[in-house]
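Content type mmCIF, C-alpha atoms, from the file coords-v3.cif:
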data_structure
loop_
_atom_site.label_atom_id
_atom_site.label_comp_id
_atom_site.auth_asym_id
_atom_site.auth_seq_id
_atom_site.Cartn_x
_atom_site.Cartn_y
_atom_site.Cartn_z
CA MET A 1 -21.74 30.52 -27.97
CA LEU A 2 -21.71 29.70 -31.66
CA THR A 3 -24.50 30.86 -33.98
CA THR A 4 -25.16 30.48 -37.70
CA ARG A 5 -24.15 34.12 -38.29
CA PHE A 6 -20.88 32.77 -39.69
CA VAL A 7 -17.91 35.09 -40.18
CA THR A 8 -14.30 34.58 -41.28
CA GLY A 9 -12.39 32.50 -38.75
CA ALA A 10 -15.46 31.07 -37.00
CA PRO A 11 -16.59 27.43 -37.19
CA ASN A 12 -19.15 27.00 -39.96
CA TRP A 13 -19.11 23.22 -40.50
CA LEU A 14 -18.06 19.97 -38.87
CA ASP A 15 -18.14 16.37 -39.95
CA LEU A 16 -17.54 12.86 -38.70
CA GLY A 17 -15.21 10.30 -40.23
CA THR A 18 -16.20 6.83 -39.03
CA PRO A 19 -15.58 3.20 -40.05
CA ASP A 20 -19.33 2.46 -39.77
CA ILE A 21 -21.70 5.22 -40.86
CA ASP A 22 -24.78 3.08 -40.15
CA GLY A 23 -23.59 2.30 -36.64
CA ALA A 24 -22.64 5.93 -36.04
CA THR A 25 -26.04 7.08 -37.28
CA SER A 26 -27.73 4.72 -34.83
CA PHE A 27 -25.60 6.06 -31.97
CA TYR A 28 -26.14 9.76 -32.69
CA ARG A 29 -29.84 9.22 -33.42
CA GLY A 30 -30.20 7.75 -29.95
CA LEU A 31 -28.15 10.54 -28.41
CA PHE A 32 -29.30 13.66 -30.28
CA GLY A 33 -32.26 12.51 -32.39
CA TRP A 34 -30.28 12.95 -35.62
CA ASP A 35 -31.18 11.30 -38.93
CA PHE A 36 -28.67 10.75 -41.75
CA GLN A 37 -29.48 12.09 -45.22
CA SER A 38 -27.27 11.10 -48.17
CA ALA A 39 -25.79 13.99 -50.15
CA GLY A 40 -26.43 12.02 -53.35
CA SER A 41 -24.96 9.29 -55.52
CA ASP A 42 -22.02 11.46 -56.61
CA SER A 43 -21.02 12.43 -53.06
CA GLY A 44 -18.81 9.42 -52.31
CA GLY A 45 -21.03 8.33 -49.44
CA TYR A 46 -21.03 11.73 -47.74
CA GLY A 47 -24.21 12.83 -46.04
CA PHE A 48 -25.79 15.11 -43.48
CA PHE A 49 -26.81 14.51 -39.88
CA GLN A 50 -30.09 16.38 -39.51
CA THR A 51 -32.36 17.43 -36.69
CA ALA A 52 -35.92 18.42 -37.62
CA GLY A 53 -34.80 18.73 -41.24
CA ARG A 54 -31.89 21.06 -40.48
CA THR A 55 -28.27 20.02 -40.99
CA ALA A 56 -26.33 19.82 -37.71
CA ALA A 57 -23.20 18.09 -39.11
CA GLY A 58 -21.82 16.07 -41.98
CA GLY A 59 -20.43 12.56 -42.00
CA MET A 60 -19.08 9.71 -44.07
CA GLN A 61 -17.57 6.26 -43.79
CA THR A 62 -13.77 6.35 -43.85
CA THR A 63 -10.93 3.85 -44.04
CA PRO A 64 -8.01 3.49 -41.58
CA GLU A 65 -5.77 5.09 -44.23
CA GLN A 66 -7.86 8.25 -43.96
CA GLY A 67 -7.13 8.54 -40.25
CA PRO A 68 -8.74 7.45 -37.00
CA PRO A 69 -12.46 7.98 -36.35
CA SER A 70 -12.87 11.64 -35.46
CA TRP A 71 -14.83 14.85 -35.70
CA THR A 72 -13.27 17.58 -37.88
CA VAL A 73 -14.10 21.24 -37.22
CA TYR A 74 -14.12 23.57 -40.26
CA PHE A 75 -13.56 27.33 -40.11
CA GLN A 76 -14.90 29.88 -42.56
CA SER A 77 -12.42 31.26 -45.07
CA PRO A 78 -13.13 33.78 -47.84
CA ASP A 79 -10.32 32.20 -49.90
CA ALA A 80 -9.40 28.60 -49.06
CA ASP A 81 -6.38 28.62 -51.38
CA ALA A 82 -4.89 31.75 -49.82
CA THR A 83 -5.54 30.43 -46.31
CA ALA A 84 -3.92 27.08 -47.15
CA LYS A 85 -0.81 28.91 -48.37
CA ALA A 86 -0.77 30.98 -45.18
CA VAL A 87 -1.01 27.78 -43.14
CA GLU A 88 2.07 26.34 -44.85
CA GLN A 89 3.98 29.59 -44.39
CA ALA A 90 3.06 29.59 -40.67
CA GLY A 91 4.44 26.08 -40.12
CA GLY A 92 1.29 24.04 -40.61
CA GLY A 93 0.54 21.38 -43.19
CA VAL A 94 -1.95 20.50 -45.92
CA LEU A 95 -3.62 17.08 -45.66
CA VAL A 96 -6.27 17.67 -48.34
CA PRO A 97 -5.57 20.57 -50.75
CA PRO A 98 -8.36 23.06 -51.49
CA ASP A 99 -10.97 21.59 -53.83
CA ASP A 100 -14.43 22.50 -55.07
CA ILE A 101 -17.27 20.41 -53.67
CA MET A 102 -19.66 20.61 -56.62
CA ASP A 103 -21.31 24.04 -56.41
CA LYS A 104 -21.52 23.93 -52.62
CA GLY A 105 -18.19 25.54 -51.72
CA ARG A 106 -14.46 24.95 -51.51
CA MET A 107 -12.86 22.90 -48.75
CA ALA A 108 -9.46 21.86 -47.45
CA ILE A 109 -8.09 19.86 -44.52
CA LEU A 110 -4.99 21.31 -42.87
CA THR A 111 -2.89 20.91 -39.73
CA ASP A 112 -1.57 23.53 -37.34
CA ARG A 113 1.99 23.70 -36.00
CA ALA A 114 1.22 21.02 -33.42
CA GLY A 115 -0.18 18.66 -36.06
CA VAL A 116 -3.84 19.24 -35.13
CA PRO A 117 -6.18 18.67 -38.11
CA PHE A 118 -8.80 21.26 -38.95
CA GLY A 119 -10.85 22.14 -42.00
CA LEU A 120 -11.60 25.19 -44.11
CA TRP A 121 -14.97 25.84 -45.71
CA GLN A 122 -15.27 28.61 -48.29
CA PRO A 123 -19.03 28.93 -48.76
CA ALA A 124 -20.81 29.03 -52.10
CA ALA A 125 -24.26 27.41 -52.47
CA LEU A 126 -23.83 25.79 -49.04
CA ARG A 127 -23.28 28.54 -46.50
CA GLY A 128 -22.63 26.24 -43.54
CA LEU A 129 -24.54 24.41 -40.84
CA ASP A 130 -28.27 25.07 -40.65
CA VAL A 131 -28.34 25.03 -36.86
CA ALA A 132 -25.90 25.89 -34.08
CA GLY A 133 -26.17 26.78 -30.42
CA GLU A 134 -29.43 24.86 -29.96
CA PRO A 135 -29.99 21.44 -28.34
CA GLY A 136 -28.58 18.73 -30.60
CA SER A 137 -26.17 21.05 -32.42
CA LEU A 138 -22.64 22.45 -32.25
CA CYS A 139 -22.31 25.27 -29.72
CA TRP A 140 -18.60 25.52 -28.80
CA VAL A 141 -15.18 24.20 -29.84
CA GLU A 142 -12.08 23.72 -27.73
CA LEU A 143 -8.47 23.33 -28.82
CA TYR A 144 -6.24 21.08 -26.72
CA THR A 145 -2.69 22.06 -27.55
CA PRO A 146 0.82 21.77 -26.05
CA ASP A 147 1.51 25.49 -26.48
CA ILE A 148 -1.28 28.07 -26.10
CA ALA A 149 0.85 31.03 -27.20
CA ALA A 150 2.09 29.29 -30.35
CA ALA A 151 -1.43 28.12 -31.23
CA ALA A 152 -2.86 31.60 -30.67
CA ALA A 153 -0.22 33.15 -32.94
CA PHE A 154 -0.79 30.51 -35.64
CA TYR A 155 -4.58 30.80 -35.82
CA HIS A 156 -4.40 34.60 -35.64
CA SER A 157 -2.00 34.70 -38.58
CA VAL A 158 -3.99 32.34 -40.81
CA LEU A 159 -7.63 33.02 -39.84
CA GLY A 160 -7.57 36.21 -37.78
CA MET A 161 -8.69 34.49 -34.57
CA GLU A 162 -8.26 36.52 -31.39
CA THR A 163 -7.78 35.29 -27.84
CA SER A 164 -8.60 36.69 -24.42
CA ALA A 165 -8.08 35.50 -20.84
CA MET A 166 -11.12 34.74 -18.72
CA PRO A 167 -10.60 34.04 -15.00
CA PHE A 168 -12.51 31.10 -13.53
CA PRO A 169 -12.32 29.25 -10.20
CA GLY A 170 -8.91 27.60 -10.17
CA GLY A 171 -7.27 29.37 -13.09
CA VAL A 172 -7.61 31.25 -16.36
CA TYR A 173 -9.33 30.07 -19.53
CA THR A 174 -8.19 31.23 -22.98
CA CYS A 175 -11.24 32.25 -25.03
CA ILE A 176 -11.25 32.44 -28.84
CA ASN A 177 -13.27 34.73 -31.07
CA PRO A 178 -13.11 35.85 -34.72
CA SER A 179 -11.75 39.30 -35.44
CA GLU A 180 -15.16 40.27 -36.85
CA GLY A 181 -17.66 40.64 -34.04
CA GLY A 182 -15.06 40.70 -31.27
CA GLU A 183 -15.61 38.93 -27.97
CA ASP A 184 -19.38 39.03 -28.50
CA ALA A 185 -18.80 36.43 -31.24
CA MET A 186 -16.76 34.11 -28.98
CA PHE A 187 -17.01 30.51 -30.16
CA GLY A 188 -14.38 28.50 -28.31
CA GLY A 189 -11.38 28.18 -26.09
CA ALA A 190 -7.88 26.75 -25.87
CA VAL A 191 -6.60 24.49 -23.10
CA PRO A 192 -2.98 23.43 -22.42
CA LEU A 193 -2.60 19.67 -22.77
CA ALA A 194 -0.55 19.65 -19.58
CA ASP A 195 -3.65 20.75 -17.63
CA ASP A 196 -5.61 17.62 -18.54
CA PRO A 197 -3.88 14.21 -18.19
CA ALA A 198 -6.62 12.41 -20.11
CA GLU A 199 -6.34 14.78 -23.06
CA GLN A 200 -2.54 14.73 -22.86
CA GLU A 201 -2.66 10.98 -23.43
CA ALA A 202 -5.10 11.39 -26.33
CA GLY A 203 -3.07 14.14 -28.01
CA ALA A 204 -3.76 17.62 -29.36
CA TYR A 205 -7.05 18.15 -31.22
CA TRP A 206 -10.15 20.31 -31.67
CA LEU A 207 -13.03 19.10 -29.47
CA PRO A 208 -16.61 19.92 -30.55
CA TYR A 209 -19.27 20.58 -27.90
CA PHE A 210 -22.94 19.88 -28.57
CA GLU A 211 -25.68 21.63 -26.62
CA VAL A 212 -28.10 19.29 -24.80
CA THR A 213 -31.00 19.76 -22.40
CA ASP A 214 -29.87 17.10 -19.90
CA VAL A 215 -26.19 16.16 -19.69
CA ASP A 216 -26.69 13.31 -17.21
CA ASP A 217 -29.34 11.72 -19.43
CA VAL A 218 -27.07 11.97 -22.49
CA VAL A 219 -24.17 10.39 -20.56
CA ALA A 220 -26.39 7.47 -19.54
CA LYS A 221 -27.62 7.06 -23.14
CA ALA A 222 -24.05 7.16 -24.49
CA ARG A 223 -23.06 4.29 -22.19
CA GLU A 224 -26.18 2.35 -23.15
CA LEU A 225 -25.45 2.82 -26.86
CA GLY A 226 -21.84 1.61 -26.60
CA GLY A 227 -20.06 4.94 -26.24
CA ALA A 228 -17.41 5.83 -23.66
CA VAL A 229 -17.50 8.45 -20.92
CA ARG A 230 -14.15 10.25 -20.96
CA MET A 231 -15.16 12.77 -18.28
CA PRO A 232 -18.33 12.31 -16.21
CA ALA A 233 -20.99 14.98 -15.99
CA THR A 234 -19.50 17.94 -14.11
CA SER A 235 -20.88 21.35 -13.24
CA VAL A 236 -18.59 24.32 -13.92
CA GLU A 237 -19.51 27.60 -12.28
CA GLY A 238 -20.41 30.27 -14.81
CA VAL A 239 -20.30 27.77 -17.68
CA GLY A 240 -22.83 24.98 -17.21
CA ARG A 241 -22.82 21.21 -16.88
CA ILE A 242 -20.48 19.33 -19.22
CA ALA A 243 -19.27 15.82 -20.02
CA LYS A 244 -16.68 14.45 -22.44
CA LEU A 245 -17.66 11.38 -24.44
CA ALA A 246 -16.56 9.18 -27.33
CA ASP A 247 -18.78 7.30 -29.75
CA PRO A 248 -18.47 3.48 -30.11
CA TYR A 249 -15.71 3.95 -32.72
CA GLY A 250 -13.59 6.37 -30.70
CA ALA A 251 -14.56 9.77 -32.14
CA ARG A 252 -14.30 12.29 -29.27
CA PHE A 253 -16.82 15.01 -28.49
CA ALA A 254 -18.35 16.80 -25.52
CA VAL A 255 -21.84 17.82 -24.44
CA ILE A 256 -22.94 20.81 -22.41
CA ARG A 257 -26.05 22.31 -20.93
CA SER A 258 -24.99 25.92 -20.99
CA GLU A 259 -25.67 27.91 -17.85
CA GLN A 260 -27.55 30.51 -19.90
CA THR A 261 -30.10 27.83 -20.88
CA MET A 262 -30.64 26.59 -17.33
CA SER A 263 -33.78 27.60 -15.54
#
How does the structure come out when it is put into structure tokens?
Amino acid sequence: MLTTRFVTGAPNWLDLGTPDIDGATSFYRGLFGWDFQSAGSDSGGYGFFQTAGRTAAGGMQTTPEQGPPSWTVYFQSPDADATAKAVEQAGGGVLVPPDDIMDKGRMAILTDRAGVPFGLWQPAALRGLDVAGEPGSLCWVELYTPDIAAAAAFYHSVLGMETSAMPFPGGVYTCINPSEGGEDAMFGGAVPLADDPAEQEAGAYWLPYFEVTDVDDVVAKARELGGAVRMPATSVEGVGRIAKLADPYGARFAVIRSEQTMS
């Protein structure tokens, strides 16, 4: 699972684009206990979702022209400009060119060959998320893609990500880890869109997973708070108990109680 020992090619940030930041804050506060802290008057409305004073994610209010409500996963890059060029050379695209975010770091929003958006964060004063792998924080990411082999080749060429096959009841799961740290630093997986009709309809994307202590309770709270249950709470042998949700504005995410945390 993901930790805050960030290395090149691993997720080190994520943020929410939503048409109603106040409404989203209310939803995620009820779900995860998050509060929203503004990044300041010169931040364009950007702020931080925090748990016990530690930043678990970023977020801001967006317009329809900026895309649908969604979570964006950012990966660590030592040189955002060089990585953005590599993305273009590998058949991806640049939605937001690399730019300095005050003294905090340098960011960009790109797309892979399948058109899936993802971000880059080149750390400076802001290293990344303050918390990961704990209840109420990012612990895993999953790429839904039409072509696993093409996606694996793309992300390996631009960010050095490596993949490995892990057997599980009913098939094989493609795990993803950064080149630094090897499989011990595994942070996510890739799933063929064809294997999941619901995701196939929604389209290719990166899905963030948040660790929780009680998946069934979170699912019930999500419904109560106006969210949608895209996949009900399900136990997966060797993994844990998971559910796929969407907030009231349509941003998709998942929750998990990892098997390693179960008593």
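Put simply, the PyMOL selection byres ((chain A and resi 195) around 12) in this file takes in Tyr144, Thr145, Pro146, Asp147, Ile148, Gly170, Gly171, Val172, Tyr173, Ala190, Val191, Pro192, Leu193, Ala194, Asp196, Pro197, Ala198, Glu199, Gln200 and Glu201 of chain A.
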Same residues, C-alpha atoms, output as an mmCIF file, in the frame of the given file:
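See selection-v9.cif below for the written result:
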data_model
loop_
_atom_site.group_PDB
_atom_site.id
_atom_site.type_symbol
_atom_site.label_atom_id
_atom_site.label_comp_id
_atom_site.auth_asym_id
_atom_site.auth_seq_id
_atom_site.Cartn_x
_atom_site.Cartn_y
_atom_site.Cartn_z
ATOM 1 C CA TYR A 144 -6.240 21.080 -26.720
ATOM 2 C CA THR A 145 -2.690 22.060 -27.550
ATOM 3 C CA PRO A 146 0.820 21.770 -26.050
ATOM 4 C CA ASP A 147 1.510 25.490 -26.480
ATOM 5 C CA ILE A 148 -1.280 28.070 -26.100
ATOM 6 C CA GLY A 170 -8.910 27.600 -10.170
ATOM 7 C CA GLY A 171 -7.270 29.370 -13.090
ATOM 8 C CA VAL A 172 -7.610 31.250 -16.360
ATOM 9 C CA TYR A 173 -9.330 30.070 -19.530
ATOM 10 C CA ALA A 190 -7.880 26.750 -25.870
ATOM 11 C CA VAL A 191 -6.600 24.490 -23.100
ATOM 12 C CA PRO A 192 -2.980 23.430 -22.420
ATOM 13 C CA LEU A 193 -2.600 19.670 -22.770
ATOM 14 C CA ALA A 194 -0.550 19.650 -19.580
ATOM 15 C CA ASP A 196 -5.610 17.620 -18.540
ATOM 16 C CA PRO A 197 -3.880 14.210 -18.190
ATOM 17 C CA ALA A 198 -6.620 12.410 -20.110
ATOM 18 C CA GLU A 199 -6.340 14.780 -23.060
ATOM 19 C CA GLN A 200 -2.540 14.730 -22.860
ATOM 20 C CA GLU A 201 -2.660 10.980 -23.430
#
(message) Would you compute the distance between CA of Gly44 (chain A) and CA of Gln61 (chain A)? Give it in Å to one decimal.
(response) 9.2 Å
(message) Using all atoms listed in the file, can you tell me which of A:Ser137, A:Gln76, A:Thr51, A:Thr234 comes closest to Phe6 (chain A)?
(response) A:Gln76
(message) At a cut-off of 9 Å, using all atoms listed in the file, what residues contact Thr4 (chain A)? Leave out same-chain residues fewer than 4 positions from it and give the result as a list in words.
(response) Asn12, Gly128, Leu129, Asp130, Val131, Ala132 and Gly133 of chain A
(request) Can you work out which one of A:Gly188, A:Gly105, A:Pro97, A:Pro232 has the shortest atom-to-atom distance to Met1 (chain A), counting all atoms listed in the file? (result) A:Gly188
(message) Report, in Å to a single decimal, how far apart CA of Gly182 (chain A) and CA of Glu211 (chain A) are.
(response)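 Computing the Euclidean distance for CA of Glu211 (chain A) and CA of Gly182 (chain A) yields 22.3 Å.
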From the structure block, carefully write region 109-242 of chain A out with C-alpha atoms; format it as a short mmCIF file (atom, residue, chain, number, x, y, z; two decimals), in the first residue's frame.
data_model
loop_
_atom_site.label_atom_id
_atom_site.label_comp_id
_atom_site.auth_asym_id
_atom_site.auth_seq_id
_atom_site.Cartn_x
_atom_site.Cartn_y
_atom_site.Cartn_z
CA ILE A 109 -1.89 17.68 -16.06
CA LEU A 110 -1.37 15.17 -18.86
CA THR A 111 -3.18 12.32 -20.60
CA ASP A 112 -1.95 8.85 -21.48
CA ARG A 113 -2.43 7.13 -24.85
CA ALA A 114 -6.00 6.19 -23.94
CA GLY A 115 -6.87 9.77 -22.99
CA VAL A 116 -6.77 9.15 -19.22
CA PRO A 117 -5.91 12.34 -17.28
CA PHE A 118 -3.21 12.23 -14.63
CA GLY A 119 -1.02 14.78 -12.90
CA LEU A 120 2.66 15.34 -12.22
CA TRP A 121 3.98 16.89 -9.03
CA GLN A 122 7.63 17.93 -8.88
CA PRO A 123 8.14 18.69 -5.18
CA ALA A 124 9.77 21.81 -3.79
CA ALA A 125 8.52 23.31 -0.51
CA LEU A 126 5.50 20.98 -0.63
CA ARG A 127 6.76 17.42 -0.73
CA GLY A 128 3.37 15.78 -1.16
CA LEU A 129 0.50 14.48 0.94
CA ASP A 130 1.01 14.50 4.70
CA VAL A 131 -0.77 11.19 5.21
CA ALA A 132 -1.29 8.03 3.16
CA GLY A 133 -2.18 4.43 3.89
CA GLU A 134 -4.09 5.32 7.07
CA PRO A 135 -7.88 5.53 7.62
CA GLY A 136 -9.25 8.58 5.81
CA SER A 137 -6.35 8.81 3.33
CA LEU A 138 -5.20 7.57 -0.07
CA CYS A 139 -3.86 4.02 0.06
CA TRP A 140 -4.07 2.61 -3.50
CA VAL A 141 -4.78 3.69 -7.08
CA GLU A 142 -6.18 1.65 -9.94
CA LEU A 143 -6.03 2.32 -13.67
CA TYR A 144 -9.00 1.22 -15.76
CA THR A 145 -7.76 1.04 -19.33
CA PRO A 146 -8.72 -0.59 -22.65
CA ASP A 147 -5.21 -2.01 -23.18
CA ILE A 148 -3.10 -3.15 -20.22
CA ALA A 149 0.04 -3.82 -22.29
CA ALA A 150 -0.07 -0.41 -23.98
CA ALA A 151 -0.69 1.36 -20.66
CA ALA A 152 2.15 -0.54 -18.97
CA ALA A 153 4.56 0.41 -21.77
CA PHE A 154 3.46 4.07 -21.67
CA TYR A 155 3.81 4.57 -17.91
CA HIS A 156 7.10 2.67 -17.86
CA SER A 157 8.54 4.90 -20.57
CA VAL A 158 7.47 8.20 -18.99
CA LEU A 159 7.64 7.50 -15.22
CA GLY A 160 9.52 4.22 -14.86
CA MET A 161 6.52 2.33 -13.48
CA GLU A 162 6.86 -1.46 -13.43
CA THR A 163 4.13 -4.09 -13.56
CA SER A 164 3.81 -7.63 -12.28
CA ALA A 165 1.10 -10.30 -12.45
CA MET A 166 -0.54 -11.43 -9.23
CA PRO A 167 -2.87 -14.46 -9.35
CA PHE A 168 -6.15 -14.16 -7.46
CA PRO A 169 -9.33 -16.27 -7.37
CA GLY A 170 -10.81 -15.99 -10.84
CA GLY A 171 -7.91 -14.44 -12.70
CA VAL A 172 -4.74 -12.37 -12.64
CA TYR A 173 -4.32 -8.81 -11.36
CA THR A 174 -1.70 -6.46 -12.83
CA CYS A 175 0.15 -4.73 -9.98
CA ILE A 176 2.07 -1.46 -10.40
CA ASN A 177 5.14 -0.28 -8.53
CA PRO A 178 7.81 2.40 -9.04
CA SER A 179 11.21 1.28 -10.28
CA GLU A 180 12.72 2.52 -7.00
CA GLY A 181 11.76 0.20 -4.18
CA GLY A 182 10.54 -2.60 -6.43
CA GLU A 183 7.45 -4.63 -5.60
CA ASP A 184 7.79 -3.73 -1.93
CA ALA A 185 6.74 -0.19 -2.96
CA MET A 186 3.64 -1.39 -4.86
CA PHE A 187 0.99 1.33 -4.95
CA GLY A 188 -1.67 0.28 -7.46
CA GLY A 189 -2.98 -1.91 -10.20
CA ALA A 190 -4.35 -1.91 -13.72
CA VAL A 191 -7.64 -3.47 -14.80
CA PRO A 192 -8.91 -4.06 -18.37
CA LEU A 193 -12.08 -2.08 -19.00
CA ALA A 194 -13.57 -5.15 -20.66
CA ASP A 195 -13.49 -6.96 -17.30
CA ASP A 196 -15.84 -4.49 -15.65
CA PRO A 197 -19.03 -3.46 -17.52
CA ALA A 198 -19.74 -0.60 -15.11
CA GLU A 199 -16.28 0.89 -15.60
CA GLN A 200 -16.43 0.25 -19.35
CA GLU A 201 -19.49 2.47 -19.51
CA ALA A 202 -17.79 5.15 -17.40
CA GLY A 203 -14.58 5.12 -19.45
CA ALA A 204 -10.87 4.81 -18.72
CA TYR A 205 -9.53 6.62 -15.65
CA TRP A 206 -7.40 6.44 -12.50
CA LEU A 207 -9.48 5.41 -9.47
CA PRO A 208 -8.24 6.45 -5.99
CA TYR A 209 -8.87 4.16 -3.01
CA PHE A 210 -9.17 5.54 0.52
CA GLU A 211 -8.50 3.37 3.56
CA VAL A 212 -11.41 3.16 6.03
CA THR A 213 -12.09 1.20 9.21
CA ASP A 214 -15.61 0.07 8.23
CA VAL A 215 -16.55 -0.16 4.55
CA ASP A 216 -20.21 -0.98 5.17
CA ASP A 217 -20.61 2.04 7.46
CA VAL A 218 -18.98 4.33 4.86
CA VAL A 219 -21.28 2.98 2.12
CA ALA A 220 -24.33 3.70 4.28
CA LYS A 221 -23.04 7.21 5.05
CA ALA A 222 -22.34 7.89 1.36
CA ARG A 223 -25.94 7.06 0.48
CA GLU A 224 -27.22 9.19 3.35
CA LEU A 225 -25.10 12.14 2.23
CA GLY A 226 -26.30 12.00 -1.39
CA GLY A 227 -23.52 9.94 -2.92
CA ALA A 228 -23.92 6.92 -5.20
CA VAL A 229 -22.85 3.33 -4.65
CA ARG A 230 -21.25 2.10 -7.87
CA MET A 231 -20.24 -1.28 -6.42
CA PRO A 232 -21.59 -2.47 -3.06
CA ALA A 233 -19.31 -3.55 -0.24
CA THR A 234 -17.56 -6.74 -1.34
CA SER A 235 -14.92 -8.89 0.32
CA VAL A 236 -11.98 -9.95 -1.86
CA GLU A 237 -9.82 -12.77 -0.57
CA GLY A 238 -6.28 -11.64 0.18
CA VAL A 239 -7.18 -7.99 -0.40
CA GLY A 240 -9.87 -6.81 2.00
CA ARG A 241 -13.36 -5.37 1.82
CA ILE A 242 -13.97 -2.76 -0.88
#
